[in-house]
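Chemist: Dropping in start.cif, with mmCIF, C-alpha atoms.
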data_upload
loop_
_atom_site.label_atom_id
_atom_site.label_comp_id
_atom_site.auth_asym_id
_atom_site.auth_seq_id
_atom_site.Cartn_x
_atom_site.Cartn_y
_atom_site.Cartn_z
CA MET A 1 22.21 -18.73 -17.61
CA ARG A 2 20.90 -15.53 -19.16
CA ARG A 3 18.42 -13.46 -17.21
CA PRO A 4 14.96 -12.66 -18.59
CA PRO A 5 13.98 -9.05 -19.41
CA LEU A 6 14.08 -6.78 -16.38
CA VAL A 7 10.34 -6.19 -16.51
CA VAL A 8 9.64 -9.94 -16.15
CA VAL A 9 11.98 -10.15 -13.14
CA PHE A 10 10.27 -7.09 -11.67
CA VAL A 11 6.78 -8.55 -12.09
CA GLY A 12 7.93 -11.83 -10.54
CA LEU A 13 9.42 -9.98 -7.55
CA VAL A 14 6.32 -7.81 -7.04
CA VAL A 15 4.12 -10.90 -7.05
CA ILE A 16 6.39 -12.64 -4.50
CA ALA A 17 6.43 -9.55 -2.26
CA LEU A 18 2.65 -9.17 -2.51
CA GLY A 19 2.16 -12.85 -1.71
CA GLU A 20 4.37 -12.66 1.39
CA THR A 21 2.72 -9.49 2.60
CA ALA A 22 -0.74 -10.92 2.04
CA GLY A 23 0.15 -14.01 4.08
CA ALA A 24 1.33 -11.88 7.00
CA LEU A 25 -1.72 -9.60 6.85
CA MET A 26 -4.10 -12.57 6.65
CA SER A 27 -2.50 -14.07 9.73
CA GLN A 28 -2.50 -10.82 11.77
CA LEU A 29 -5.83 -9.35 10.62
CA ARG A 30 -8.01 -12.43 10.29
CA PRO A 31 -10.84 -11.18 12.57
CA GLN A 32 -10.85 -7.75 10.89
CA ILE A 33 -10.92 -9.31 7.41
CA ALA A 34 -13.81 -11.60 8.39
CA GLY A 35 -15.66 -8.63 9.92
CA TYR A 36 -15.17 -6.55 6.78
CA ALA A 37 -16.34 -9.45 4.60
CA ARG A 38 -19.49 -9.92 6.71
CA ALA A 39 -20.20 -6.17 6.47
CA ARG A 40 -19.85 -6.24 2.66
CA VAL A 41 -22.22 -9.20 2.42
CA ALA A 42 -24.74 -7.35 4.57
CA ALA A 43 -24.31 -4.26 2.37
CA ASN A 44 -25.14 -6.31 -0.76
CA PRO A 45 -28.21 -8.29 0.33
CA GLN A 46 -29.65 -8.74 -3.16
CA ALA A 47 -26.42 -10.02 -4.68
CA HIS A 48 -26.18 -12.64 -1.93
CA GLY A 49 -29.88 -13.51 -1.91
CA LEU A 50 -30.30 -12.67 1.76
CA ALA A 51 -33.89 -13.37 2.73
CA GLY A 52 -34.23 -11.70 6.11
CA SER A 53 -34.29 -15.05 7.92
CA ALA A 54 -31.50 -14.96 10.51
CA GLU A 55 -30.59 -18.64 10.23
CA TYR A 56 -30.58 -18.73 6.42
CA ASP A 57 -28.75 -15.39 6.10
CA ALA A 58 -26.10 -16.50 8.58
CA GLU A 59 -25.41 -19.60 6.50
CA VAL A 60 -25.23 -17.64 3.24
CA THR A 61 -22.94 -15.05 4.87
CA ALA A 62 -20.67 -17.73 6.31
CA ARG A 63 -20.31 -19.37 2.88
CA ALA A 64 -19.49 -16.04 1.20
CA VAL A 65 -16.97 -15.10 3.89
CA TYR A 66 -15.35 -18.54 3.59
CA ALA A 67 -15.06 -18.12 -0.20
CA ALA A 68 -13.55 -14.63 0.20
CA GLU A 69 -11.01 -15.92 2.74
CA ALA A 70 -10.20 -18.84 0.46
CA GLY A 71 -9.54 -16.36 -2.36
CA LEU A 72 -7.04 -14.50 -0.17
CA SER A 73 -5.38 -17.75 0.83
CA PHE A 74 -5.13 -18.84 -2.84
CA PHE A 75 -3.65 -15.44 -3.66
CA HIS A 76 -0.93 -15.96 -1.04
CA THR A 77 -0.02 -19.50 -2.09
CA HIS A 78 -0.20 -18.89 -5.86
CA ALA A 79 1.85 -15.69 -5.61
CA GLN A 80 4.60 -17.52 -3.70
CA GLY A 81 4.64 -20.25 -6.32
CA LEU A 82 4.16 -18.31 -9.53
CA GLY A 83 6.64 -15.50 -8.77
CA PRO A 84 9.70 -17.79 -8.68
CA LEU A 85 8.27 -19.94 -11.49
CA VAL A 86 8.10 -16.95 -13.84
CA ILE A 87 11.67 -15.91 -13.00
CA PHE A 88 12.97 -19.46 -13.54
CA ALA A 89 10.93 -20.13 -16.71
CA GLY A 90 11.94 -16.70 -18.02
CA THR A 91 15.57 -17.67 -17.41
CA VAL A 92 15.12 -20.90 -19.36
CA ALA A 93 13.49 -18.94 -22.21
CA ALA A 94 16.24 -16.29 -22.23
CA SER A 95 18.93 -18.99 -22.23
CA THR A 96 17.52 -21.54 -24.69
CA VAL A 97 15.21 -19.80 -27.18
CA ARG A 98 17.36 -18.40 -29.97
CA TRP A 99 14.67 -16.52 -31.95
CA ARG A 100 14.44 -13.02 -30.56
CA LEU A 101 10.76 -12.50 -31.40
CA ALA A 102 9.73 -15.86 -29.95
CA ARG A 103 11.82 -15.17 -26.84
CA GLY A 104 10.06 -11.82 -26.40
CA ALA A 105 6.64 -13.40 -26.89
CA VAL A 106 7.34 -16.09 -24.28
CA ALA A 107 8.64 -13.47 -21.83
CA ALA A 108 5.51 -11.35 -22.40
CA LEU A 109 3.20 -14.33 -21.84
CA LEU A 110 5.08 -15.35 -18.69
CA GLY A 111 5.04 -11.78 -17.39
CA LEU A 112 1.31 -11.61 -17.94
CA GLY A 113 0.82 -15.06 -16.44
CA ALA A 114 2.72 -13.96 -13.33
CA LEU A 115 -0.22 -11.69 -12.58
CA PHE A 116 -2.54 -14.72 -12.34
CA PRO A 117 -2.55 -14.73 -8.50
CA LEU A 118 -4.04 -11.22 -8.56
CA GLY A 119 -7.11 -12.94 -10.01
CA TYR A 120 -7.71 -14.44 -6.58
CA LEU A 121 -7.80 -10.96 -5.06
CA ALA A 122 -10.41 -10.07 -7.67
CA TYR A 123 -12.16 -13.34 -6.75
CA SER A 124 -12.35 -12.34 -3.07
CA ILE A 125 -13.69 -8.87 -3.85
CA ALA A 126 -16.13 -10.10 -6.51
CA VAL A 127 -17.54 -12.73 -4.15
CA LEU A 128 -18.37 -10.05 -1.59
CA GLU A 129 -19.70 -7.47 -4.03
CA ARG A 130 -21.49 -9.65 -6.61
CA GLY A 131 -22.51 -12.69 -4.60
CA ARG A 132 -20.66 -15.98 -4.19
CA ASP A 133 -21.48 -17.78 -7.44
CA ALA A 134 -21.68 -14.70 -9.68
CA GLY A 135 -18.46 -13.31 -8.18
CA ILE A 136 -16.55 -16.55 -8.68
CA GLU A 137 -17.79 -16.83 -12.27
CA MET A 138 -16.84 -13.23 -12.99
CA ALA A 139 -13.32 -13.57 -11.56
CA GLU A 140 -12.78 -16.85 -13.39
CA ARG A 141 -14.02 -15.54 -16.72
CA TYR A 142 -12.39 -12.12 -16.81
CA VAL A 143 -9.23 -12.49 -14.73
CA LEU A 144 -8.21 -16.01 -13.77
CA THR A 145 -8.81 -17.71 -17.13
CA PRO A 146 -7.07 -15.09 -19.33
CA LEU A 147 -4.05 -14.71 -17.04
CA GLY A 148 -3.81 -18.43 -16.29
CA SER A 149 -4.05 -19.15 -20.01
CA ALA A 150 -1.22 -16.70 -20.70
CA ALA A 151 1.00 -18.60 -18.25
CA ILE A 152 0.03 -21.98 -19.73
CA VAL A 153 0.50 -20.84 -23.34
CA GLY A 154 3.85 -19.28 -22.40
CA LEU A 155 5.10 -22.50 -20.78
CA VAL A 156 3.85 -24.72 -23.62
CA ALA A 157 5.35 -22.36 -26.20
CA LEU A 158 8.64 -22.45 -24.30
CA ALA A 159 8.64 -26.25 -24.34
CA VAL A 160 7.83 -26.33 -28.08
CA LEU A 161 10.53 -23.76 -28.88
CA MET A 162 13.10 -25.68 -26.86
CA VAL A 163 12.29 -28.90 -28.71
CA ALA A 164 12.30 -27.08 -32.07
CA GLY A 165 15.66 -25.46 -31.27
CA ARG A 166 17.12 -28.81 -30.32
CA GLY A 167 15.84 -30.38 -33.56
CA ARG A 168 17.45 -27.59 -35.54
CA ASP A 169 20.75 -28.08 -33.73
CA ARG A 170 20.68 -31.80 -34.57
CA ASP A 171 19.91 -31.10 -38.25
CA ALA A 172 22.78 -28.63 -38.43
CA MET B 1 27.17 7.04 -16.29
CA THR B 2 26.25 3.76 -14.61
CA PRO B 3 27.30 0.56 -16.42
CA PRO B 4 24.50 -1.59 -17.90
CA LEU B 5 23.02 -4.37 -15.76
CA PRO B 6 24.49 -7.83 -16.43
CA ASP B 7 22.57 -10.02 -18.91
CA VAL B 8 23.71 -13.20 -17.19
CA TRP B 9 22.61 -14.34 -13.73
CA ARG B 10 25.13 -14.18 -10.93
CA ARG B 11 25.07 -16.97 -8.39
CA PRO B 12 23.96 -16.08 -4.86
CA PRO B 13 26.47 -16.87 -2.05
CA LEU B 14 26.96 -20.58 -1.45
CA PRO B 15 25.58 -20.55 2.14
CA THR B 16 22.35 -19.06 0.76
CA LEU B 17 22.00 -21.82 -1.80
CA VAL B 18 22.80 -24.47 0.81
CA ALA B 19 20.17 -23.00 3.17
CA ALA B 20 17.56 -23.00 0.39
CA ILE B 21 18.35 -26.57 -0.69
CA LEU B 22 18.32 -27.81 2.92
CA LEU B 23 14.99 -26.06 3.48
CA ILE B 24 13.48 -27.79 0.45
CA ALA B 25 14.93 -31.10 1.66
CA CYS B 26 13.39 -30.52 5.11
CA ALA B 27 10.04 -29.83 3.44
CA GLU B 28 10.24 -33.08 1.50
CA VAL B 29 11.22 -35.04 4.61
CA GLY B 30 8.44 -33.29 6.54
CA GLY B 31 5.86 -34.22 3.92
CA ALA B 32 7.02 -37.82 3.78
CA SER B 33 7.13 -38.12 7.59
CA MET B 34 3.64 -36.68 7.92
CA ALA B 35 2.31 -39.33 5.58
CA LYS B 36 4.32 -42.19 7.08
CA PHE B 37 3.86 -41.36 10.78
CA LYS B 38 0.42 -39.71 10.67
CA LEU B 39 -1.10 -42.09 13.21
CA GLU B 40 1.90 -42.09 15.53
CA LEU B 41 2.08 -38.29 15.50
CA ALA B 42 -1.63 -37.96 16.25
CA ARG B 43 -1.42 -40.57 19.02
CA GLY B 44 1.59 -38.86 20.57
CA ALA B 45 -0.05 -35.43 20.47
CA ARG B 46 -3.25 -36.86 21.92
CA ALA B 47 -1.40 -38.53 24.78
CA VAL B 48 0.36 -35.27 25.67
CA MET B 49 -2.96 -33.39 25.57
CA LEU B 50 -4.63 -35.93 27.85
CA SER B 51 -1.76 -35.57 30.31
CA ARG B 52 -2.37 -31.79 30.45
CA PRO B 53 -6.13 -31.43 30.79
CA ALA B 54 -6.02 -27.97 32.39
CA VAL B 55 -4.08 -26.48 29.44
CA HIS B 56 -6.70 -27.64 26.95
CA GLY B 57 -9.76 -27.09 29.11
CA LEU B 58 -10.60 -30.80 29.25
CA VAL B 59 -13.42 -31.42 31.74
CA GLY B 60 -13.49 -35.19 31.94
CA VAL B 61 -16.69 -35.53 29.89
CA ARG B 62 -15.83 -37.72 26.94
CA ASP B 63 -18.09 -35.98 24.37
CA ALA B 64 -16.88 -32.48 25.22
CA ASP B 65 -13.22 -33.50 25.56
CA GLU B 66 -13.18 -35.37 22.24
CA GLN B 67 -14.36 -32.24 20.46
CA ILE B 68 -11.60 -30.12 22.02
CA ILE B 69 -8.93 -32.74 21.28
CA ASP B 70 -10.14 -33.12 17.69
CA GLU B 71 -9.92 -29.40 17.12
CA ALA B 72 -6.39 -29.27 18.53
CA LEU B 73 -5.36 -32.27 16.42
CA VAL B 74 -6.68 -30.56 13.27
CA LYS B 75 -4.52 -27.52 14.05
CA PHE B 76 -1.56 -29.77 14.94
CA ASP B 77 -1.88 -31.43 11.53
CA ALA B 78 -2.41 -28.06 9.80
CA GLY B 79 0.84 -26.75 11.31
CA LEU B 80 2.76 -29.71 9.91
CA ARG B 81 1.16 -29.32 6.47
CA LEU B 82 1.85 -25.57 6.43
CA PHE B 83 5.48 -26.24 7.31
CA HIS B 84 5.75 -28.64 4.36
CA LEU B 85 4.05 -26.17 1.99
CA HIS B 86 5.91 -23.04 3.11
CA ALA B 87 9.33 -24.68 3.28
CA GLU B 88 9.00 -25.92 -0.31
CA GLY B 89 7.83 -22.51 -1.49
CA MET B 90 10.32 -20.45 0.49
CA GLY B 91 13.26 -22.55 -0.72
CA LEU B 92 12.47 -21.52 -4.29
CA VAL B 93 11.69 -17.94 -3.25
CA ILE B 94 15.11 -17.67 -1.58
CA ILE B 95 16.89 -18.90 -4.72
CA ALA B 96 14.92 -16.63 -7.09
CA THR B 97 15.16 -13.49 -4.98
CA THR B 98 18.79 -13.80 -3.88
CA MET B 99 19.84 -14.59 -7.46
CA THR B 100 18.08 -11.38 -8.50
CA ALA B 101 19.71 -9.40 -5.70
CA ALA B 102 23.16 -10.83 -6.52
CA THR B 103 22.75 -9.81 -10.16
CA LEU B 104 20.77 -6.58 -10.15
CA VAL B 105 21.59 -4.74 -6.91
CA ARG B 106 24.63 -2.55 -7.53
CA SER B 107 25.34 -1.32 -3.99
CA VAL B 108 27.45 -3.89 -2.14
CA GLY B 109 25.95 -3.01 1.25
CA ALA B 110 22.36 -3.20 0.06
CA ARG B 111 23.05 -6.45 -1.82
CA ARG B 112 24.58 -8.10 1.25
CA ALA B 113 21.80 -6.91 3.54
CA ILE B 114 19.02 -8.05 1.18
CA ILE B 115 20.60 -11.46 0.63
CA LEU B 116 21.15 -11.91 4.38
CA LEU B 117 17.57 -10.94 5.24
CA LEU B 118 16.09 -13.15 2.50
CA THR B 119 18.25 -16.13 3.48
CA VAL B 120 17.81 -15.98 7.25
CA GLY B 121 14.19 -14.82 7.13
CA GLY B 122 13.13 -17.20 4.39
CA ALA B 123 14.91 -20.24 5.81
CA ALA B 124 13.73 -19.76 9.40
CA TYR B 125 10.15 -18.62 8.80
CA PRO B 126 8.62 -22.01 7.82
CA PHE B 127 9.96 -23.56 11.03
CA GLY B 128 7.45 -21.41 12.90
CA TYR B 129 4.75 -23.80 11.72
CA LEU B 130 6.73 -26.74 13.04
CA LEU B 131 7.17 -24.95 16.36
CA TRP B 132 3.44 -24.18 16.49
CA SER B 133 2.59 -27.85 15.94
CA ALA B 134 5.09 -28.96 18.56
CA LEU B 135 3.69 -26.50 21.11
CA ILE B 136 -0.02 -27.25 20.59
CA PRO B 137 -0.12 -30.48 22.65
CA TYR B 138 1.85 -28.86 25.49
CA TYR B 139 0.47 -25.32 25.62
CA GLY B 140 -2.73 -25.26 23.55
CA ILE B 141 -3.59 -23.75 20.17
CA GLN B 142 -3.57 -20.05 21.05
CA THR B 143 -0.51 -20.01 23.33
CA GLY B 144 1.42 -22.09 20.80
CA LYS B 145 0.43 -19.69 18.05
CA ALA B 146 1.41 -16.62 20.06
CA VAL B 147 4.85 -18.09 20.83
CA ALA B 148 5.44 -19.09 17.19
CA GLU B 149 4.32 -15.65 16.07
CA TRP B 150 6.65 -13.68 18.34
CA VAL B 151 9.62 -16.06 18.18
CA VAL B 152 9.57 -16.94 14.48
CA TRP B 153 6.85 -15.56 12.20
CA ILE B 154 7.07 -11.86 13.00
CA PRO B 155 10.89 -11.49 13.13
CA PHE B 156 11.80 -13.84 10.29
CA GLY B 157 8.70 -13.34 8.14
CA GLY B 158 9.11 -9.59 8.68
CA ALA B 159 12.74 -9.78 7.55
CA THR B 160 11.70 -11.54 4.34
CA ILE B 161 8.92 -9.04 3.61
CA VAL B 162 11.20 -6.03 4.20
CA ALA B 163 13.92 -7.53 1.99
CA ALA B 164 11.46 -8.50 -0.77
CA TRP B 165 10.00 -4.97 -0.99
CA TRP B 166 13.48 -3.41 -0.76
CA LEU B 167 14.50 -5.54 -3.74
CA VAL B 168 11.30 -4.59 -5.60
CA VAL B 169 12.09 -0.90 -5.09
CA LEU B 170 15.70 -1.26 -6.28
CA VAL B 171 14.79 -3.33 -9.37
CA GLY B 172 11.88 -0.95 -10.07
CA ALA B 173 14.30 1.98 -9.90
CA SER B 174 16.60 0.22 -12.40
CA LEU B 175 13.61 -0.30 -14.68
CA VAL B 176 12.68 3.38 -14.48
CA ARG B 177 16.28 4.48 -15.11
CA ARG B 178 16.39 2.25 -18.19
CA ALA B 179 13.10 3.60 -19.50
#
Kindly transcribe the structure held in the file into structure tokens.
Modeler:
Amino acid sequence: MRRPPLVVVFVGLVVIALGETAGALMSQLRPQIAGYARARVAANPQAHGLAGSAEYDAEVTARAVYAAEAGLSFFHTHAQGLGPLVIFAGTVAASTVRWRLARGAVAALLGLGALFPLGYLAYSIAVLERGRDAGIEMAERYVLTPLGSAAIVGLVALAVLMVAGRGRDRDA
Amino acid sequence: MTPPLPDVWRRPPLPTLVAAILLIACAEVGGASMAKFKLELARGARAVMLSRPAVHGLVGVRDADEQIIDEALVKFDAGLRLFHLHAEGMGLVIIATTMTAATLVRSVGARRAIILLLTVGGAAYPFGYLLWSALIPYYGIQTGKAVAEWVVWIPFGGATIVAAWWLVVLVGASLVRRA
């Protein structure tokens, strides 16, 4: 099997390493992370719609902190999954797609798609800084959807190119 | 002048591949067993907890005790699920990273060390979740977690993290040299 371009392997490895490190940090620093998240919510009262009522504000804060922690958890799990996936899919592309330009395009899309888990880091930060709903929408629109789409388009293109290559082999 | 990096993947050592495949198989068996024996596992854990009331802070008041037992059972179940999830993921991570190390790391010593750390660390780390689950009924949530942390997660997870970043640095250096 041929290996994908070095840069794709590098991106895949960085994402795996970040995912592993994030998992360890989340486990060791959970109280500190929750404390920081609560402080950021308190520092952005308008974005979170805090009303000055202790009971209501506590509920809103808890929901925002939960969403931020979920974002970190999604970052960890997606990074562990997508890193190897990009290396393996890149290997399939390098080994089976015969058109150089198409191979490069698939590798570029997969490399970009490998960064998708970073969208969940943006998600966590945006939730705390912009409010829960606005932050989630922002991360989804500007980071998660474009990067996730790159990964999906890359995988679909790879499948199409493999089928097309096979058809050409049969015709020949 | 250093020779160019190989364009074809080199296979990681066989024991590494066997460890990764066995880990994935354990994850699959773990997932299937969790589904099949969910009730039995919960009943068993509950029985052990009831036999050790002091460990779990059970006071003999049904309402209060049920809440404590439920919380412990949720964590017991979470440990099993996390084992399943991490073992499946780490199996693939071991294959991808050791294949990269076998192909792209030029120094024999560094290559061997990285592959060893990724294999041992990656294969052992998920079992920390299994250990945590097993310890919860006997020693409680926090004590079980502390033991799993010091015996498995920190040494083996740490080994994997060190090896992963070491590999990132070496591949990054190759990328820079090429550029």
Chemist: If I put a ball of radius 7 Å at (-16.2, -12.1, -9.0) in the file's coordinates, which residues poke into it when counting all atoms listed in the file, written as a list in words?
Modeler: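 Nearby residues: Ala122, Tyr123, Ile125, Ala126, Val127, Arg130, Ala134, Gly135, Ile136, Glu137, Met138 and Ala139 of chain A.
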Chemist: When the cut-off is 12 Å and we count only C-alpha atoms, which residues of chain A are near chain B, given as number ranges by chain?
Modeler: A: 1-25, 27-28, 76-92, 94-95
Chemist: Can you tell me how far CA of Arg62 in chain B sits from CA of Trp132 in chain B, in Å to one decimal?
Modeler: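 It comes out at 25.8 Å.
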Chemist: Just checking: using all atoms listed in the file, which residue out of A:Arg166, A:Arg132, A:Arg98, A:Arg141 ends up closest to Val60 in chain A?
Modeler: A:Arg132
Chemist: Skip Ala62 in chain A itself and residues of its chain fewer than 6 positions away, then list as a list in words all residues within 10 Å of it, counting only C-alpha atoms.
Modeler: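 The filter keeps Ala34, Ala37, Arg38, Val41, Tyr56 and Ala68 of chain A.
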Chemist: Report as a PyMOL selection string the full result of the PyMOL selection byres ((chain B and resi 78) around 12) when it is applied to this structure.
Modeler: chain B and resi 31+34+42+71-77+79-86+129-130+132-134+136+141
Chemist: Just the selected residues (C-alpha atoms), exported as a short mmCIF file (atom, residue, chain, number, x, y, z; two decimals), in the coordinates of the input, please.
Modeler:
data_model
loop_
_atom_site.label_atom_id
_atom_site.label_comp_id
_atom_site.auth_asym_id
_atom_site.auth_seq_id
_atom_site.Cartn_x
_atom_site.Cartn_y
_atom_site.Cartn_z
CA GLY B 31 5.86 -34.22 3.92
CA MET B 34 3.64 -36.68 7.92
CA ALA B 42 -1.63 -37.96 16.25
CA GLU B 71 -9.92 -29.40 17.12
CA ALA B 72 -6.39 -29.27 18.53
CA LEU B 73 -5.36 -32.27 16.42
CA VAL B 74 -6.68 -30.56 13.27
CA LYS B 75 -4.52 -27.52 14.05
CA PHE B 76 -1.56 -29.77 14.94
CA ASP B 77 -1.88 -31.43 11.53
CA GLY B 79 0.84 -26.75 11.31
CA LEU B 80 2.76 -29.71 9.91
CA ARG B 81 1.16 -29.32 6.47
CA LEU B 82 1.85 -25.57 6.43
CA PHE B 83 5.48 -26.24 7.31
CA HIS B 84 5.75 -28.64 4.36
CA LEU B 85 4.05 -26.17 1.99
CA HIS B 86 5.91 -23.04 3.11
CA TYR B 129 4.75 -23.80 11.72
CA LEU B 130 6.73 -26.74 13.04
CA TRP B 132 3.44 -24.18 16.49
CA SER B 133 2.59 -27.85 15.94
CA ALA B 134 5.09 -28.96 18.56
CA ILE B 136 -0.02 -27.25 20.59
CA ILE B 141 -3.59 -23.75 20.17
#
Chemist: Quick one: everything within 7 Å of Leu110 in chain A, counting all atoms listed in the file, minus sequence neighbours fewer than 6 positions away in the same chain. Send it as a list in words.
Modeler: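 What passes the distance filter is Val86, Ala150, Ala151 and Gly154 of chain A.
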Chemist: Using only C-alpha atoms, find the one residue out of A:Thr96, A:Ser73, A:Thr145, A:Thr61 that sits nearest to Arg40 in chain A.
Modeler: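 Ranked by minimum distance to Arg40 in chain A, first place goes to A:Thr61.
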Chemist: Got a sec to resolve the PyMOL selection byres ((chain B and resi 24) around 6) on this structure and send the residues as a compact mmCIF listing (two decimals) with C-alpha atoms, in the frame of the given file?
Modeler:
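This is the output file result-v1.txt:
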# COMPACT_ATOMS: atom_id res chain seq x y z
CA ILE B 21 18.35 -26.57 -0.69
CA LEU B 22 18.32 -27.81 2.92
CA LEU B 23 14.99 -26.06 3.48
CA ALA B 25 14.93 -31.10 1.66
CA CYS B 26 13.39 -30.52 5.11
CA ALA B 27 10.04 -29.83 3.44
CA ALA B 87 9.33 -24.68 3.28
CA GLU B 88 9.00 -25.92 -0.31
CA GLY B 91 13.26 -22.55 -0.72
Chemist: Pick out the residues sitting within 12 Å of Val160 in chain A, and hand them over as a list in words; count all atoms listed in the file, and ignore anything fewer than 2 positions along from it in its own chain.
Modeler: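 Result of the neighbour search: Ala93, Thr96, Val97, Ala102, Arg103, Val106, Val153, Gly154, Leu155, Val156, Ala157, Leu158, Met162, Val163, Ala164, Gly165, Arg166 and Gly167 of chain A.
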Chemist: Quick one: pull the distance between CA of Lys145 in chain B and CA of Leu131 in chain B, Å, one decimal.
Modeler: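 So the answer is 8.7 Å.
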Chemist: CA of Val143 in chain A and CA of Gly113 in chain A, how far apart in Å?
Modeler: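 These atoms are spaced 10.5 Å apart.
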Chemist: The PyMOL selection byres ((chain B and resi 121) around 7) on the file shown: which residues, as a CSV table (one decimal) with C-alpha atoms, in the coordinates of the input?
Modeler:
chain,number,residue,atom,x,y,z
B,117,LEU,CA,17.6,-10.9,5.2
B,118,LEU,CA,16.1,-13.2,2.5
B,119,THR,CA,18.2,-16.1,3.5
B,120,VAL,CA,17.8,-16.0,7.2
B,122,GLY,CA,13.1,-17.2,4.4
B,123,ALA,CA,14.9,-20.2,5.8
B,124,ALA,CA,13.7,-19.8,9.4
B,125,TYR,CA,10.2,-18.6,8.8
B,156,PHE,CA,11.8,-13.8,10.3
B,157,GLY,CA,8.7,-13.3,8.1
B,159,ALA,CA,12.7,-9.8,7.6
B,160,THR,CA,11.7,-11.5,4.3
Chemist: Any chance you could model N, CA and C atoms for range 124-139 of chain A and send them as a PDB file, in the coordinates of the input?
Modeler:
ATOM      1  N   SER A 124     -11.881 -12.651  -4.424  1.00  0.00           N
ATOM      2  CA  SER A 124     -12.350 -12.340  -3.070  1.00  0.00           C
ATOM      3  C   SER A 124     -13.284 -11.118  -3.084  1.00  0.00           C
ATOM      4  N   ILE A 125     -12.882 -10.097  -3.811  1.00  0.00           N
ATOM      5  CA  ILE A 125     -13.690  -8.870  -3.850  1.00  0.00           C
ATOM      6  C   ILE A 125     -15.008  -9.130  -4.568  1.00  0.00           C
ATOM      7  N   ALA A 126     -14.920  -9.846  -5.718  1.00  0.00           N
ATOM      8  CA  ALA A 126     -16.130 -10.100  -6.510  1.00  0.00           C
ATOM      9  C   ALA A 126     -17.138 -10.932  -5.727  1.00  0.00           C
ATOM     10  N   VAL A 127     -16.636 -11.896  -4.955  1.00  0.00           N
ATOM     11  CA  VAL A 127     -17.540 -12.730  -4.150  1.00  0.00           C
ATOM     12  C   VAL A 127     -18.353 -11.867  -3.192  1.00  0.00           C
ATOM     13  N   LEU A 128     -17.685 -10.898  -2.572  1.00  0.00           N
ATOM     14  CA  LEU A 128     -18.370 -10.050  -1.590  1.00  0.00           C
ATOM     15  C   LEU A 128     -19.309  -9.046  -2.247  1.00  0.00           C
ATOM     16  N   GLU A 129     -18.911  -8.545  -3.413  1.00  0.00           N
ATOM     17  CA  GLU A 129     -19.700  -7.470  -4.030  1.00  0.00           C
ATOM     18  C   GLU A 129     -20.791  -8.001  -4.957  1.00  0.00           C
ATOM     19  N   ARG A 130     -20.545  -9.136  -5.611  1.00  0.00           N
ATOM     20  CA  ARG A 130     -21.490  -9.650  -6.610  1.00  0.00           C
ATOM     21  C   ARG A 130     -22.229 -10.914  -6.179  1.00  0.00           C
ATOM     22  N   GLY A 131     -21.921 -11.418  -5.020  1.00  0.00           N
ATOM     23  CA  GLY A 131     -22.510 -12.690  -4.600  1.00  0.00           C
ATOM     24  C   GLY A 131     -21.538 -13.808  -4.877  1.00  0.00           C
ATOM     25  N   ARG A 132     -21.675 -14.915  -4.137  1.00  0.00           N
ATOM     26  CA  ARG A 132     -20.660 -15.980  -4.190  1.00  0.00           C
ATOM     27  C   ARG A 132     -20.510 -16.564  -5.599  1.00  0.00           C
ATOM     28  N   ASP A 133     -21.598 -17.099  -6.143  1.00  0.00           N
ATOM     29  CA  ASP A 133     -21.480 -17.780  -7.440  1.00  0.00           C
ATOM     30  C   ASP A 133     -21.177 -16.813  -8.574  1.00  0.00           C
ATOM     31  N   ALA A 134     -21.901 -15.676  -8.606  1.00  0.00           N
ATOM     32  CA  ALA A 134     -21.680 -14.700  -9.680  1.00  0.00           C
ATOM     33  C   ALA A 134     -20.270 -14.117  -9.589  1.00  0.00           C
ATOM     34  N   GLY A 135     -19.801 -13.874  -8.372  1.00  0.00           N
ATOM     35  CA  GLY A 135     -18.460 -13.310  -8.180  1.00  0.00           C
ATOM     36  C   GLY A 135     -17.384 -14.275  -8.639  1.00  0.00           C
ATOM     37  N   ILE A 136     -17.539 -15.546  -8.275  1.00  0.00           N
ATOM     38  CA  ILE A 136     -16.550 -16.550  -8.680  1.00  0.00           C
ATOM     39  C   ILE A 136     -16.516 -16.656 -10.202  1.00  0.00           C
ATOM     40  N   GLU A 137     -17.721 -16.694 -10.809  1.00  0.00           N
ATOM     41  CA  GLU A 137     -17.790 -16.830 -12.270  1.00  0.00           C
ATOM     42  C   GLU A 137     -17.127 -15.630 -12.957  1.00  0.00           C
ATOM     43  N   MET A 138     -17.401 -14.456 -12.408  1.00  0.00           N
ATOM     44  CA  MET A 138     -16.840 -13.230 -12.990  1.00  0.00           C
ATOM     45  C   MET A 138     -15.302 -13.232 -12.909  1.00  0.00           C
ATOM     46  N   ALA A 139     -14.783 -13.559 -11.728  1.00  0.00           N
ATOM     47  CA  ALA A 139     -13.320 -13.570 -11.560  1.00  0.00           C
ATOM     48  C   ALA A 139     -12.691 -14.625 -12.456  1.00  0.00           C
TER      49      ALA A 139
END
